[in-house]
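Undergrad: Sharing protein_9.pdb, PDB, C-alpha atoms, pLDDT in the B column:
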```
ATOM      1  CA  MET F 349     103.613  66.374  78.365  1.00 42.00           C
ATOM      2  CA  SER F 350     104.907  64.719  75.248  1.00 40.00           C
ATOM      3  CA  VAL F 351     105.899  61.501  73.599  1.00 38.00           C
ATOM      4  CA  THR F 352     107.822  61.463  70.353  1.00 35.00           C
ATOM      5  CA  PHE F 353     106.665  59.271  67.513  1.00 34.00           C
ATOM      6  CA  ILE F 354     108.723  58.862  64.326  1.00 33.00           C
ATOM      7  CA  ARG F 355     107.219  58.392  60.906  1.00 36.00           C
ATOM      8  CA  HIS F 356     109.165  57.674  57.712  1.00 36.00           C
ATOM      9  CA  TYR F 357     108.386  58.685  54.151  1.00 35.00           C
ATOM     10  CA  THR F 358     110.290  58.446  50.880  1.00 38.00           C
ATOM     11  CA  THR F 359     111.122  61.380  48.628  1.00 39.00           C
ATOM     12  CA  GLY F 360     112.803  60.189  45.473  1.00 41.00           C
ATOM     13  CA  SER F 361     115.488  57.702  46.505  1.00 40.00           C
ATOM     14  CA  ARG F 362     116.015  59.077  50.002  1.00 43.00           C
ATOM     15  CA  GLN F 363     114.101  58.198  53.143  1.00 40.00           C
ATOM     16  CA  ARG F 364     113.677  60.950  55.704  1.00 42.00           C
ATOM     17  CA  SER F 365     112.599  60.785  59.347  1.00 39.00           C
ATOM     18  CA  VAL F 366     110.244  63.451  60.661  1.00 39.00           C
ATOM     19  CA  LYS F 367     109.138  63.903  64.237  1.00 40.00           C
ATOM     20  CA  ALA F 368     105.367  63.764  64.542  1.00 40.00           C
ATOM     21  CA  LEU F 369     103.670  66.238  66.830  1.00 44.00           C
ATOM     22  CA  PRO F 370     103.623  64.997  70.438  1.00 48.00           C
ATOM     23  CA  PRO F 371     100.194  63.929  71.721  1.00 56.00           C
ATOM     24  CA  GLN F 372      98.241  66.683  73.422  1.00 84.00           C
ATOM     25  CA  LYS F 373      94.932  66.643  75.265  1.00 91.00           C
ATOM     26  CA  ASN F 374      93.053  65.799  72.053  1.00 93.00           C
ATOM     27  CA  ASP F 375      95.216  62.694  71.604  1.00 93.00           C
ATOM     28  CA  LEU F 376      94.350  61.623  75.127  1.00 96.00           C
ATOM     29  CA  LEU F 377      90.637  62.275  74.554  1.00 96.00           C
ATOM     30  CA  LYS F 378      90.713  60.076  71.437  1.00 96.00           C
ATOM     31  CA  ALA F 379      92.430  57.276  73.347  1.00 96.00           C
ATOM     32  CA  ILE F 380      89.926  57.606  76.211  1.00 97.00           C
ATOM     33  CA  ALA F 381      86.993  57.404  73.778  1.00 97.00           C
ATOM     34  CA  THR F 382      88.493  54.294  72.178  1.00 96.00           C
ATOM     35  CA  LEU F 383      89.104  52.739  75.578  1.00 97.00           C
ATOM     36  CA  LYS F 384      85.554  53.330  76.781  1.00 96.00           C
ATOM     37  CA  SER F 385      83.946  52.077  73.566  1.00 95.00           C
ATOM     38  CA  SER F 386      86.054  48.907  73.491  1.00 94.00           C
ATOM     39  CA  THR F 387      85.839  47.968  77.167  1.00 94.00           C
ATOM     40  CA  PRO F 388      83.001  45.576  78.093  1.00 93.00           C
ATOM     41  CA  LYS F 389      80.702  46.783  80.847  1.00 91.00           C
ATOM     42  CA  ARG F 390      80.989  44.967  84.156  1.00 93.00           C
ATOM     43  CA  ASN F 391      78.934  44.955  87.339  1.00 92.00           C
ATOM     44  CA  PHE F 392      81.527  47.132  89.072  1.00 92.00           C
ATOM     45  CA  LYS F 393      83.182  50.475  88.458  1.00 91.00           C
ATOM     46  CA  GLN F 394      86.367  49.839  86.492  1.00 94.00           C
ATOM     47  CA  SER F 395      89.554  51.790  87.089  1.00 94.00           C
ATOM     48  CA  ILE F 396      91.520  53.429  84.304  1.00 96.00           C
ATOM     49  CA  GLU F 397      95.258  52.964  84.557  1.00 96.00           C
ATOM     50  CA  LEU F 398      98.101  54.858  82.965  1.00 97.00           C
ATOM     51  CA  ILE F 399     101.124  52.855  81.845  1.00 96.00           C
ATOM     52  CA  MET F 400     104.212  54.756  80.754  1.00 95.00           C
ATOM     53  CA  LYS F 401     106.968  52.629  79.274  1.00 95.00           C
ATOM     54  CA  LEU F 402     110.351  54.300  79.567  1.00 95.00           C
ATOM     55  CA  LYS F 403     113.609  53.972  77.654  1.00 94.00           C
ATOM     56  CA  ASP F 404     117.320  54.821  77.856  1.00 94.00           C
ATOM     57  CA  MET F 405     117.380  54.343  81.620  1.00 92.00           C
ATOM     58  CA  ASP F 406     119.876  52.318  83.628  1.00 91.00           C
ATOM     59  CA  MET F 407     117.778  50.890  86.432  1.00 90.00           C
ATOM     60  CA  LYS F 408     120.931  49.989  88.383  1.00 89.00           C
ATOM     61  CA  LYS F 409     121.625  53.669  88.947  1.00 89.00           C
ATOM     62  CA  PRO F 410     119.962  55.301  91.973  1.00 87.00           C
ATOM     63  CA  GLU F 411     118.904  58.347  89.938  1.00 85.00           C
ATOM     64  CA  SER F 412     116.714  56.088  87.780  1.00 88.00           C
ATOM     65  CA  ARG F 413     114.696  55.005  90.805  1.00 87.00           C
ATOM     66  CA  ILE F 414     112.063  57.636  91.258  1.00 87.00           C
ATOM     67  CA  GLU F 415     109.480  58.109  93.965  1.00 86.00           C
ATOM     68  CA  THR F 416     107.166  61.099  93.799  1.00 87.00           C
ATOM     69  CA  SER F 417     103.565  62.216  94.199  1.00 89.00           C
ATOM     70  CA  VAL F 418     101.355  64.157  91.821  1.00 93.00           C
ATOM     71  CA  GLU F 419      98.230  66.072  92.751  1.00 94.00           C
ATOM     72  CA  VAL F 420      95.615  65.549  90.053  1.00 95.00           C
ATOM     73  CA  PRO F 421      92.924  68.182  89.388  1.00 95.00           C
ATOM     74  CA  HIS F 422      89.993  65.778  89.758  1.00 94.00           C
ATOM     75  CA  GLN F 423      89.566  63.407  92.692  1.00 90.00           C
ATOM     76  CA  ILE F 424      89.500  59.753  91.725  1.00 89.00           C
ATOM     77  CA  PRO F 425      86.414  58.063  93.202  1.00 80.00           C
ATOM     78  CA  LYS F 426      88.060  55.811  95.742  1.00 77.00           C
ATOM     79  CA  ASP F 427      88.074  55.114  99.438  1.00 78.00           C
ATOM     80  CA  VAL F 428      91.306  56.997 100.172  1.00 86.00           C
ATOM     81  CA  LYS F 429      92.150  56.644 103.852  1.00 92.00           C
ATOM     82  CA  ILE F 430      94.209  59.343 105.509  1.00 95.00           C
ATOM     83  CA  CYS F 431      95.795  59.245 108.950  1.00 96.00           C
ATOM     84  CA  VAL F 432      97.002  62.406 110.680  1.00 97.00           C
ATOM     85  CA  ILE F 433      99.492  62.037 113.528  1.00 96.00           C
ATOM     86  CA  ALA F 434      99.231  65.195 115.621  1.00 96.00           C
ATOM     87  CA  SER F 435      98.255  66.751 118.924  1.00 92.00           C
ATOM     88  CA  GLY F 436      96.385  69.746 120.304  1.00 94.00           C
ATOM     89  CA  ASP F 437      94.650  72.172 117.975  1.00 96.00           C
ATOM     90  CA  LEU F 438      96.126  70.534 114.861  1.00 96.00           C
ATOM     91  CA  ALA F 439      94.557  67.206 115.854  1.00 96.00           C
ATOM     92  CA  LEU F 440      91.154  68.854 116.438  1.00 96.00           C
ATOM     93  CA  ARG F 441      91.258  70.564 113.041  1.00 97.00           C
ATOM     94  CA  ALA F 442      92.314  67.315 111.365  1.00 97.00           C
ATOM     95  CA  LYS F 443      89.216  65.589 112.769  1.00 96.00           C
ATOM     96  CA  LYS F 444      86.983  68.387 111.509  1.00 95.00           C
ATOM     97  CA  GLY F 445      88.820  68.269 108.169  1.00 94.00           C
ATOM     98  CA  GLY F 446      87.749  64.693 107.535  1.00 93.00           C
ATOM     99  CA  ALA F 447      90.841  62.660 108.454  1.00 96.00           C
ATOM    100  CA  ASP F 448      89.940  58.976 108.714  1.00 95.00           C
ATOM    101  CA  ARG F 449      92.010  58.700 111.857  1.00 96.00           C
ATOM    102  CA  VAL F 450      93.839  61.162 114.079  1.00 97.00           C
ATOM    103  CA  LEU F 451      96.582  59.624 116.177  1.00 94.00           C
ATOM    104  CA  ALA F 452      98.146  61.237 119.235  1.00 93.00           C
ATOM    105  CA  ARG F 453     101.751  60.629 120.281  1.00 91.00           C
ATOM    106  CA  ALA F 454     100.704  58.354 123.153  1.00 92.00           C
ATOM    107  CA  GLU F 455      98.649  56.156 120.806  1.00 92.00           C
ATOM    108  CA  LEU F 456     101.537  56.008 118.344  1.00 90.00           C
ATOM    109  CA  GLU F 457     103.916  54.855 121.076  1.00 89.00           C
ATOM    110  CA  VAL F 458     101.535  51.997 121.934  1.00 91.00           C
ATOM    111  CA  ILE F 459     101.231  50.849 118.303  1.00 89.00           C
ATOM    112  CA  VAL F 460     104.960  50.799 117.597  1.00 86.00           C
ATOM    113  CA  LYS F 461     105.613  48.448 120.523  1.00 88.00           C
ATOM    114  CA  ASP F 462     103.791  45.695 118.602  1.00 90.00           C
ATOM    115  CA  LYS F 463     105.394  44.941 115.204  1.00 89.00           C
ATOM    116  CA  LYS F 464     102.289  43.129 113.962  1.00 90.00           C
ATOM    117  CA  ALA F 465     100.069  46.080 114.894  1.00 90.00           C
ATOM    118  CA  ALA F 466     102.543  48.540 113.352  1.00 90.00           C
ATOM    119  CA  LYS F 467     102.606  46.613 110.072  1.00 91.00           C
ATOM    120  CA  LYS F 468      98.797  46.483 109.969  1.00 92.00           C
ATOM    121  CA  PHE F 469      98.625  50.197 110.756  1.00 92.00           C
ATOM    122  CA  ALA F 470     101.008  51.024 107.881  1.00 92.00           C
ATOM    123  CA  ALA F 471      98.933  48.991 105.425  1.00 92.00           C
ATOM    124  CA  GLU F 472      95.578  50.414 106.542  1.00 93.00           C
ATOM    125  CA  PHE F 473      96.035  53.976 105.261  1.00 94.00           C
ATOM    126  CA  ASN F 474      96.888  55.380 101.829  1.00 90.00           C
ATOM    127  CA  HIS F 475      98.450  58.605 103.106  1.00 93.00           C
ATOM    128  CA  PHE F 476      99.973  59.830 106.342  1.00 96.00           C
ATOM    129  CA  ILE F 477     100.313  63.425 107.509  1.00 97.00           C
ATOM    130  CA  ALA F 478     102.289  64.250 110.646  1.00 97.00           C
ATOM    131  CA  GLU F 479     103.027  67.191 112.880  1.00 96.00           C
ATOM    132  CA  ALA F 480     106.665  68.029 112.063  1.00 95.00           C
ATOM    133  CA  PRO F 481     108.037  67.656 115.635  1.00 94.00           C
ATOM    134  CA  LEU F 482     106.819  64.024 115.635  1.00 93.00           C
ATOM    135  CA  MET F 483     108.721  63.036 112.469  1.00 94.00           C
ATOM    136  CA  PRO F 484     111.896  61.796 114.265  1.00 93.00           C
ATOM    137  CA  LEU F 485     109.795  59.424 116.395  1.00 90.00           C
ATOM    138  CA  ILE F 486     107.804  58.255 113.373  1.00 92.00           C
ATOM    139  CA  GLY F 487     110.920  57.698 111.299  1.00 91.00           C
ATOM    140  CA  LYS F 488     112.575  55.680 114.046  1.00 88.00           C
ATOM    141  CA  SER F 489     109.547  53.593 114.974  1.00 87.00           C
ATOM    142  CA  LEU F 490     107.550  53.244 111.746  1.00 91.00           C
ATOM    143  CA  GLY F 491     110.101  53.978 109.037  1.00 90.00           C
ATOM    144  CA  THR F 492     110.708  50.291 108.290  1.00 91.00           C
ATOM    145  CA  PHE F 493     106.991  49.787 107.671  1.00 92.00           C
ATOM    146  CA  LEU F 494     106.116  53.035 105.888  1.00 93.00           C
ATOM    147  CA  GLY F 495     109.300  53.618 103.875  1.00 89.00           C
ATOM    148  CA  PRO F 496     109.153  50.513 101.621  1.00 86.00           C
ATOM    149  CA  ARG F 497     105.508  51.277 100.882  1.00 85.00           C
ATOM    150  CA  GLY F 498     106.279  54.859  99.883  1.00 84.00           C
ATOM    151  CA  LYS F 499     104.070  56.108 102.717  1.00 90.00           C
ATOM    152  CA  MET F 500     106.361  58.236 104.868  1.00 92.00           C
ATOM    153  CA  PRO F 501     104.224  61.063 106.294  1.00 95.00           C
ATOM    154  CA  THR F 502     104.025  64.558 104.906  1.00 94.00           C
ATOM    155  CA  PRO F 503     105.424  66.760 107.724  1.00 96.00           C
ATOM    156  CA  ILE F 504     103.470  69.925 108.499  1.00 96.00           C
ATOM    157  CA  PRO F 505     103.873  72.675 111.118  1.00 95.00           C
ATOM    158  CA  PRO F 506     101.277  72.938 113.929  1.00 93.00           C
ATOM    159  CA  ASN F 507      99.655  75.999 112.324  1.00 94.00           C
ATOM    160  CA  ALA F 508      99.320  74.427 108.859  1.00 95.00           C
ATOM    161  CA  PRO F 509      95.910  74.468 107.064  1.00 97.00           C
ATOM    162  CA  VAL F 510      95.468  70.738 107.639  1.00 96.00           C
ATOM    163  CA  GLU F 511      91.948  70.695 106.155  1.00 95.00           C
ATOM    164  CA  GLU F 512      93.329  71.798 102.765  1.00 95.00           C
ATOM    165  CA  ILE F 513      96.239  69.374 103.026  1.00 96.00           C
ATOM    166  CA  ILE F 514      93.869  66.460 103.653  1.00 95.00           C
ATOM    167  CA  ALA F 515      91.782  67.471 100.622  1.00 93.00           C
ATOM    168  CA  ARG F 516      94.914  67.604  98.429  1.00 92.00           C
ATOM    169  CA  HIS F 517      96.016  64.173  99.599  1.00 93.00           C
ATOM    170  CA  ARG F 518      92.693  62.753  98.442  1.00 91.00           C
ATOM    171  CA  ARG F 519      93.670  63.921  94.937  1.00 92.00           C
ATOM    172  CA  THR F 520      97.231  62.613  95.154  1.00 92.00           C
ATOM    173  CA  VAL F 521      98.633  59.840  92.966  1.00 91.00           C
ATOM    174  CA  LYS F 522     101.839  58.183  94.155  1.00 87.00           C
ATOM    175  CA  LEU F 523     104.396  57.157  91.547  1.00 89.00           C
ATOM    176  CA  ARG F 524     107.308  54.760  91.895  1.00 87.00           C
ATOM    177  CA  ILE F 525     109.936  53.641  89.406  1.00 89.00           C
ATOM    178  CA  ARG F 526     112.020  50.886  90.966  1.00 85.00           C
ATOM    179  CA  ASP F 527     113.312  47.810  89.122  1.00 87.00           C
ATOM    180  CA  GLN F 528     111.540  48.173  85.791  1.00 91.00           C
ATOM    181  CA  PRO F 529     111.594  51.186  83.411  1.00 94.00           C
ATOM    182  CA  ALA F 530     107.866  51.783  83.606  1.00 94.00           C
ATOM    183  CA  VAL F 531     105.215  53.667  85.551  1.00 94.00           C
ATOM    184  CA  LYS F 532     101.814  52.175  86.277  1.00 94.00           C
ATOM    185  CA  CYS F 533      99.166  53.983  88.286  1.00 93.00           C
ATOM    186  CA  ARG F 534      95.429  54.503  88.669  1.00 93.00           C
ATOM    187  CA  VAL F 535      94.324  57.876  87.297  1.00 94.00           C
ATOM    188  CA  ALA F 536      90.533  57.666  86.991  1.00 95.00           C
ATOM    189  CA  THR F 537      87.437  55.498  86.921  1.00 94.00           C
ATOM    190  CA  GLU F 538      85.341  54.768  83.846  1.00 94.00           C
ATOM    191  CA  ASP F 539      82.385  56.864  85.043  1.00 94.00           C
ATOM    192  CA  MET F 540      84.429  60.080  85.136  1.00 95.00           C
ATOM    193  CA  ALA F 541      83.994  62.581  82.299  1.00 97.00           C
ATOM    194  CA  ASP F 542      86.487  62.185  79.443  1.00 97.00           C
ATOM    195  CA  ASP F 543      87.738  65.716  79.988  1.00 97.00           C
ATOM    196  CA  GLU F 544      88.445  65.034  83.674  1.00 97.00           C
ATOM    197  CA  ILE F 545      90.300  61.820  82.850  1.00 97.00           C
ATOM    198  CA  ALA F 546      92.430  63.673  80.294  1.00 97.00           C
ATOM    199  CA  ASP F 547      93.248  66.409  82.835  1.00 96.00           C
ATOM    200  CA  ASN F 548      94.392  63.797  85.362  1.00 96.00           C
ATOM    201  CA  LEU F 549      96.487  62.061  82.720  1.00 96.00           C
ATOM    202  CA  LEU F 550      98.189  65.296  81.720  1.00 95.00           C
ATOM    203  CA  ALA F 551      99.058  66.046  85.345  1.00 95.00           C
ATOM    204  CA  VAL F 552     100.556  62.606  85.995  1.00 95.00           C
ATOM    205  CA  ILE F 553     102.466  62.408  82.712  1.00 94.00           C
ATOM    206  CA  SER F 554     103.955  65.857  83.283  1.00 93.00           C
ATOM    207  CA  GLY F 555     104.846  64.878  86.833  1.00 93.00           C
ATOM    208  CA  VAL F 556     106.698  61.780  85.643  1.00 94.00           C
ATOM    209  CA  GLU F 557     108.530  63.620  82.853  1.00 93.00           C
ATOM    210  CA  SER F 558     109.702  66.295  85.269  1.00 92.00           C
ATOM    211  CA  LYS F 559     111.577  63.630  87.235  1.00 93.00           C
ATOM    212  CA  LEU F 560     113.230  61.943  84.239  1.00 92.00           C
ATOM    213  CA  ALA F 561     116.776  62.902  83.283  1.00 91.00           C
ATOM    214  CA  LYS F 562     115.824  63.519  79.649  1.00 92.00           C
ATOM    215  CA  GLY F 563     112.192  64.425  80.227  1.00 91.00           C
ATOM    216  CA  ASP F 564     109.843  63.251  77.481  1.00 91.00           C
ATOM    217  CA  LYS F 565     112.802  61.747  75.581  1.00 93.00           C
ATOM    218  CA  ASN F 566     112.862  58.974  78.194  1.00 93.00           C
ATOM    219  CA  VAL F 567     109.266  58.032  77.352  1.00 93.00           C
ATOM    220  CA  ALA F 568     108.855  55.169  74.862  1.00 94.00           C
ATOM    221  CA  ASN F 569     105.053  55.087  74.777  1.00 94.00           C
ATOM    222  CA  ILE F 570     101.912  55.808  76.767  1.00 96.00           C
ATOM    223  CA  ILE F 571      99.133  53.268  77.227  1.00 97.00           C
ATOM    224  CA  LEU F 572      95.700  53.422  78.857  1.00 97.00           C
ATOM    225  CA  LYS F 573      93.944  50.370  80.243  1.00 97.00           C
ATOM    226  CA  ALA F 574      90.678  49.713  82.019  1.00 96.00           C
ATOM    227  CA  THR F 575      90.519  46.976  84.669  1.00 94.00           C
ATOM    228  CA  MET F 576      88.908  44.448  82.307  1.00 93.00           C
ATOM    229  CA  GLY F 577      89.741  46.115  78.991  1.00 93.00           C
ATOM    230  CA  LYS F 578      92.413  45.875  76.343  1.00 94.00           C
ATOM    231  CA  PRO F 579      95.328  48.327  76.338  1.00 96.00           C
ATOM    232  CA  VAL F 580      94.970  51.407  74.143  1.00 97.00           C
ATOM    233  CA  LYS F 581      98.110  53.195  72.964  1.00 95.00           C
ATOM    234  CA  VAL F 582      97.978  56.990  72.944  1.00 94.00           C
ATOM    235  CA  GLY F 583      98.744  58.386  69.497  1.00 84.00           C
ATOM    236  CA  ALA F 584      98.340  55.036  67.739  1.00 73.00           C
TER     237      ALA F 584
END
```
Would you write out, as structure tokens, the structure that this file holds?
TA:
Amino acid sequence: MSVTFIRHYTTGSRQRSVKALPPQKNDLLKAIATLKSSTPKRNFKQSIELIMKLKDMDMKKPESRIETSVEVPHQIPKDVKICVIASGDLALRAKKGGADRVLARAELEVIVKDKKAAKKFAAEFNHFIAEAPLMPLIGKSLGTFLGPRGKMPTPIPPNAPVEEIIARHRRTVKLRIRDQPAVKCRVATEDMADDEIADNLLAVISGVESKLAKGDKNVANIILKATMGKPVKVGA
């Protein structure tokens, strides 16, 4: 994870440009401390958002439009709702694994017959996991509702460890770069330990950079912001 900052200094009559060291975990910890100390307390738990402003990207080109997911090391306190579409033993294990809803093929076929119900269903859950053989049906019937929201299901085989997959999805942050050269996502809440917030930030920033054509060179700056707080620039 890195962002390049340039500082200038004068030696004699010549000005030279030197690349400063890219921010590391300590830089993030300093920004987090500043954010927490400068953000007024509210009567609710505030989220901490990461904003990455990008550069040298032509948003008209398909390769500049990125959609990916990053698994962060520390779960963000949030009511993350997960739906598993499966049958048989996989469905039973999904229920035991804590899925918020387990949907059988017959139930899915009923939902997709009603566009209003299908749209509501797509909006209700944060993540979808599906038994691989059901993906063609899901794509055909729910693709128009799930695709634009970046919620197409994760396909898994019937013998997959669905309990572990559900747990990972609860730590997953979805990232989308569409019309604007920027990434904005929720990475933590203010009550999380600074070290945990920094770990989550590192994971997401690295995940974004890995998808950029020029990696960290496409990153203009990194900003942290609490729900009701002022933006804090990392490395400022």
Undergrad: Applying 9 Å and only C-alpha atoms, which residues near Phe473 (chain F) remain after dropping the ones on its own chain fewer than 5 positions away? List them as a PDB file with C-alpha atoms, in the frame of the given file.
TA:
```pdb
ATOM      1  CA  VAL F 428      91.306  56.997 100.172  1.00 86.00           C
ATOM      2  CA  LYS F 429      92.150  56.644 103.852  1.00 92.00           C
ATOM      3  CA  ILE F 430      94.209  59.343 105.509  1.00 95.00           C
ATOM      4  CA  CYS F 431      95.795  59.245 108.950  1.00 96.00           C
ATOM      5  CA  ASP F 448      89.940  58.976 108.714  1.00 95.00           C
ATOM      6  CA  LYS F 499     104.070  56.108 102.717  1.00 90.00           C
TER       7      LYS F 499
END
```
Undergrad: Here's the selection I'm unsure about, the PyMOL selection byres ((chain F and resi 467) around 12); applied to the file above, which residues does it give, as a PyMOL selection string?
TA: chain F and resi 459-466+468-473+489-497
Undergrad: Atoms to include: C-alpha atoms. Write the selected residues as a PDB file, in the coordinates of the input.
TA:
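Once everything was written out, this is again05.pdb:
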```
ATOM      1  CA  ILE F 459     101.231  50.849 118.303  1.00 89.00           C
ATOM      2  CA  VAL F 460     104.960  50.799 117.597  1.00 86.00           C
ATOM      3  CA  LYS F 461     105.613  48.448 120.523  1.00 88.00           C
ATOM      4  CA  ASP F 462     103.791  45.695 118.602  1.00 90.00           C
ATOM      5  CA  LYS F 463     105.394  44.941 115.204  1.00 89.00           C
ATOM      6  CA  LYS F 464     102.289  43.129 113.962  1.00 90.00           C
ATOM      7  CA  ALA F 465     100.069  46.080 114.894  1.00 90.00           C
ATOM      8  CA  ALA F 466     102.543  48.540 113.352  1.00 90.00           C
ATOM      9  CA  LYS F 468      98.797  46.483 109.969  1.00 92.00           C
ATOM     10  CA  PHE F 469      98.625  50.197 110.756  1.00 92.00           C
ATOM     11  CA  ALA F 470     101.008  51.024 107.881  1.00 92.00           C
ATOM     12  CA  ALA F 471      98.933  48.991 105.425  1.00 92.00           C
ATOM     13  CA  GLU F 472      95.578  50.414 106.542  1.00 93.00           C
ATOM     14  CA  PHE F 473      96.035  53.976 105.261  1.00 94.00           C
ATOM     15  CA  SER F 489     109.547  53.593 114.974  1.00 87.00           C
ATOM     16  CA  LEU F 490     107.550  53.244 111.746  1.00 91.00           C
ATOM     17  CA  GLY F 491     110.101  53.978 109.037  1.00 90.00           C
ATOM     18  CA  THR F 492     110.708  50.291 108.290  1.00 91.00           C
ATOM     19  CA  PHE F 493     106.991  49.787 107.671  1.00 92.00           C
ATOM     20  CA  LEU F 494     106.116  53.035 105.888  1.00 93.00           C
ATOM     21  CA  GLY F 495     109.300  53.618 103.875  1.00 89.00           C
ATOM     22  CA  PRO F 496     109.153  50.513 101.621  1.00 86.00           C
ATOM     23  CA  ARG F 497     105.508  51.277 100.882  1.00 85.00           C
TER      24      ARG F 497
END
```
Undergrad: Fewer than 5 positions away in the same chain doesn't count, so skip those; otherwise give me all residues within 7 Å of His422 (chain F), counting all atoms listed in the file, as a list in words.
TA: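 Here the answer would be Arg519, Glu544 and Asn548 of chain F.
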Undergrad: Any idea what the distance is between CA of Gly555 (chain F) and CA of Val582 (chain F)?
TA: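 For CA of Gly555 (chain F) relative to CA of Val582 (chain F), the distance reads 17.4 Å.
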Undergrad: Using the chain letters and numbering of this document, enumerate as a ChimeraX atom specification the residues selected by the PyMOL selection byres ((chain F and resi 412) around 9).
TA: /F:405-411,413-414,525-526,529,560-561
Undergrad: Extract, using only C-alpha atoms, all DNA, RNA and protein residues at most 12 Å from Asn507 (chain F), discarding same-chain residues fewer than 6 positions from it, and format them as a VMD selection string.
TA: chain F and resid 434 to 442 479 to 480 513
Undergrad: Please produce a file of those selected residues containing C-alpha atoms, as a PDB file, in the coordinates of the input.
TA:
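Full text of result13.pdb as output:
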```pdb
ATOM      1  CA  ALA F 434      99.231  65.195 115.621  1.00 96.00           C
ATOM      2  CA  SER F 435      98.255  66.751 118.924  1.00 92.00           C
ATOM      3  CA  GLY F 436      96.385  69.746 120.304  1.00 94.00           C
ATOM      4  CA  ASP F 437      94.650  72.172 117.975  1.00 96.00           C
ATOM      5  CA  LEU F 438      96.126  70.534 114.861  1.00 96.00           C
ATOM      6  CA  ALA F 439      94.557  67.206 115.854  1.00 96.00           C
ATOM      7  CA  LEU F 440      91.154  68.854 116.438  1.00 96.00           C
ATOM      8  CA  ARG F 441      91.258  70.564 113.041  1.00 97.00           C
ATOM      9  CA  ALA F 442      92.314  67.315 111.365  1.00 97.00           C
ATOM     10  CA  GLU F 479     103.027  67.191 112.880  1.00 96.00           C
ATOM     11  CA  ALA F 480     106.665  68.029 112.063  1.00 95.00           C
ATOM     12  CA  ILE F 513      96.239  69.374 103.026  1.00 96.00           C
TER      13      ILE F 513
END
```
Undergrad: Please indicate the distance in Å from CA of Pro484 (chain F) to CA of Lys559 (chain F), rounded to one decimal place.
TA: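 Between these atoms lies a distance of 27.1 Å.
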Undergrad: Could you tell me which residues the PyMOL selection byres ((chain F and resi 393-396) around 7) returns for this structure, as a VMD selection string?
TA: chain F and resid 392 397 to 398 534 to 538 572 to 575
Undergrad: Which residues, protein or nucleic acid, reach to within 12 Å of (98.4, 58.0, 92.2) in the file's coordinates when using all atoms listed in the file, and can you give that as an MDAnalysis selection string?
TA: chainID F and resid 395:399 415:424 426 428 474:475 498 516:524 531:536 548:549 551:553 555:556
Undergrad: The selected residues should be written to file as a PDB file, keeping the file's coordinate frame (atoms: C-alpha atoms).
TA:
```pdb
ATOM      1  CA  SER F 395      89.554  51.790  87.089  1.00 94.00           C
ATOM      2  CA  ILE F 396      91.520  53.429  84.304  1.00 96.00           C
ATOM      3  CA  GLU F 397      95.258  52.964  84.557  1.00 96.00           C
ATOM      4  CA  LEU F 398      98.101  54.858  82.965  1.00 97.00           C
ATOM      5  CA  ILE F 399     101.124  52.855  81.845  1.00 96.00           C
ATOM      6  CA  GLU F 415     109.480  58.109  93.965  1.00 86.00           C
ATOM      7  CA  THR F 416     107.166  61.099  93.799  1.00 87.00           C
ATOM      8  CA  SER F 417     103.565  62.216  94.199  1.00 89.00           C
ATOM      9  CA  VAL F 418     101.355  64.157  91.821  1.00 93.00           C
ATOM     10  CA  GLU F 419      98.230  66.072  92.751  1.00 94.00           C
ATOM     11  CA  VAL F 420      95.615  65.549  90.053  1.00 95.00           C
ATOM     12  CA  PRO F 421      92.924  68.182  89.388  1.00 95.00           C
ATOM     13  CA  HIS F 422      89.993  65.778  89.758  1.00 94.00           C
ATOM     14  CA  GLN F 423      89.566  63.407  92.692  1.00 90.00           C
ATOM     15  CA  ILE F 424      89.500  59.753  91.725  1.00 89.00           C
ATOM     16  CA  LYS F 426      88.060  55.811  95.742  1.00 77.00           C
ATOM     17  CA  VAL F 428      91.306  56.997 100.172  1.00 86.00           C
ATOM     18  CA  ASN F 474      96.888  55.380 101.829  1.00 90.00           C
ATOM     19  CA  HIS F 475      98.450  58.605 103.106  1.00 93.00           C
ATOM     20  CA  GLY F 498     106.279  54.859  99.883  1.00 84.00           C
ATOM     21  CA  ARG F 516      94.914  67.604  98.429  1.00 92.00           C
ATOM     22  CA  HIS F 517      96.016  64.173  99.599  1.00 93.00           C
ATOM     23  CA  ARG F 518      92.693  62.753  98.442  1.00 91.00           C
ATOM     24  CA  ARG F 519      93.670  63.921  94.937  1.00 92.00           C
ATOM     25  CA  THR F 520      97.231  62.613  95.154  1.00 92.00           C
ATOM     26  CA  VAL F 521      98.633  59.840  92.966  1.00 91.00           C
ATOM     27  CA  LYS F 522     101.839  58.183  94.155  1.00 87.00           C
ATOM     28  CA  LEU F 523     104.396  57.157  91.547  1.00 89.00           C
ATOM     29  CA  ARG F 524     107.308  54.760  91.895  1.00 87.00           C
ATOM     30  CA  VAL F 531     105.215  53.667  85.551  1.00 94.00           C
ATOM     31  CA  LYS F 532     101.814  52.175  86.277  1.00 94.00           C
ATOM     32  CA  CYS F 533      99.166  53.983  88.286  1.00 93.00           C
ATOM     33  CA  ARG F 534      95.429  54.503  88.669  1.00 93.00           C
ATOM     34  CA  VAL F 535      94.324  57.876  87.297  1.00 94.00           C
ATOM     35  CA  ALA F 536      90.533  57.666  86.991  1.00 95.00           C
ATOM     36  CA  ASN F 548      94.392  63.797  85.362  1.00 96.00           C
ATOM     37  CA  LEU F 549      96.487  62.061  82.720  1.00 96.00           C
ATOM     38  CA  ALA F 551      99.058  66.046  85.345  1.00 95.00           C
ATOM     39  CA  VAL F 552     100.556  62.606  85.995  1.00 95.00           C
ATOM     40  CA  ILE F 553     102.466  62.408  82.712  1.00 94.00           C
ATOM     41  CA  GLY F 555     104.846  64.878  86.833  1.00 93.00           C
ATOM     42  CA  VAL F 556     106.698  61.780  85.643  1.00 94.00           C
TER      43      VAL F 556
END
```
Undergrad: Any idea what the distance is between CA of Ile504 (chain F) and CA of Ile486 (chain F)?
TA: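 Computing the Euclidean distance for CA of Ile504 (chain F) and CA of Ile486 (chain F) yields 13.4 Å.
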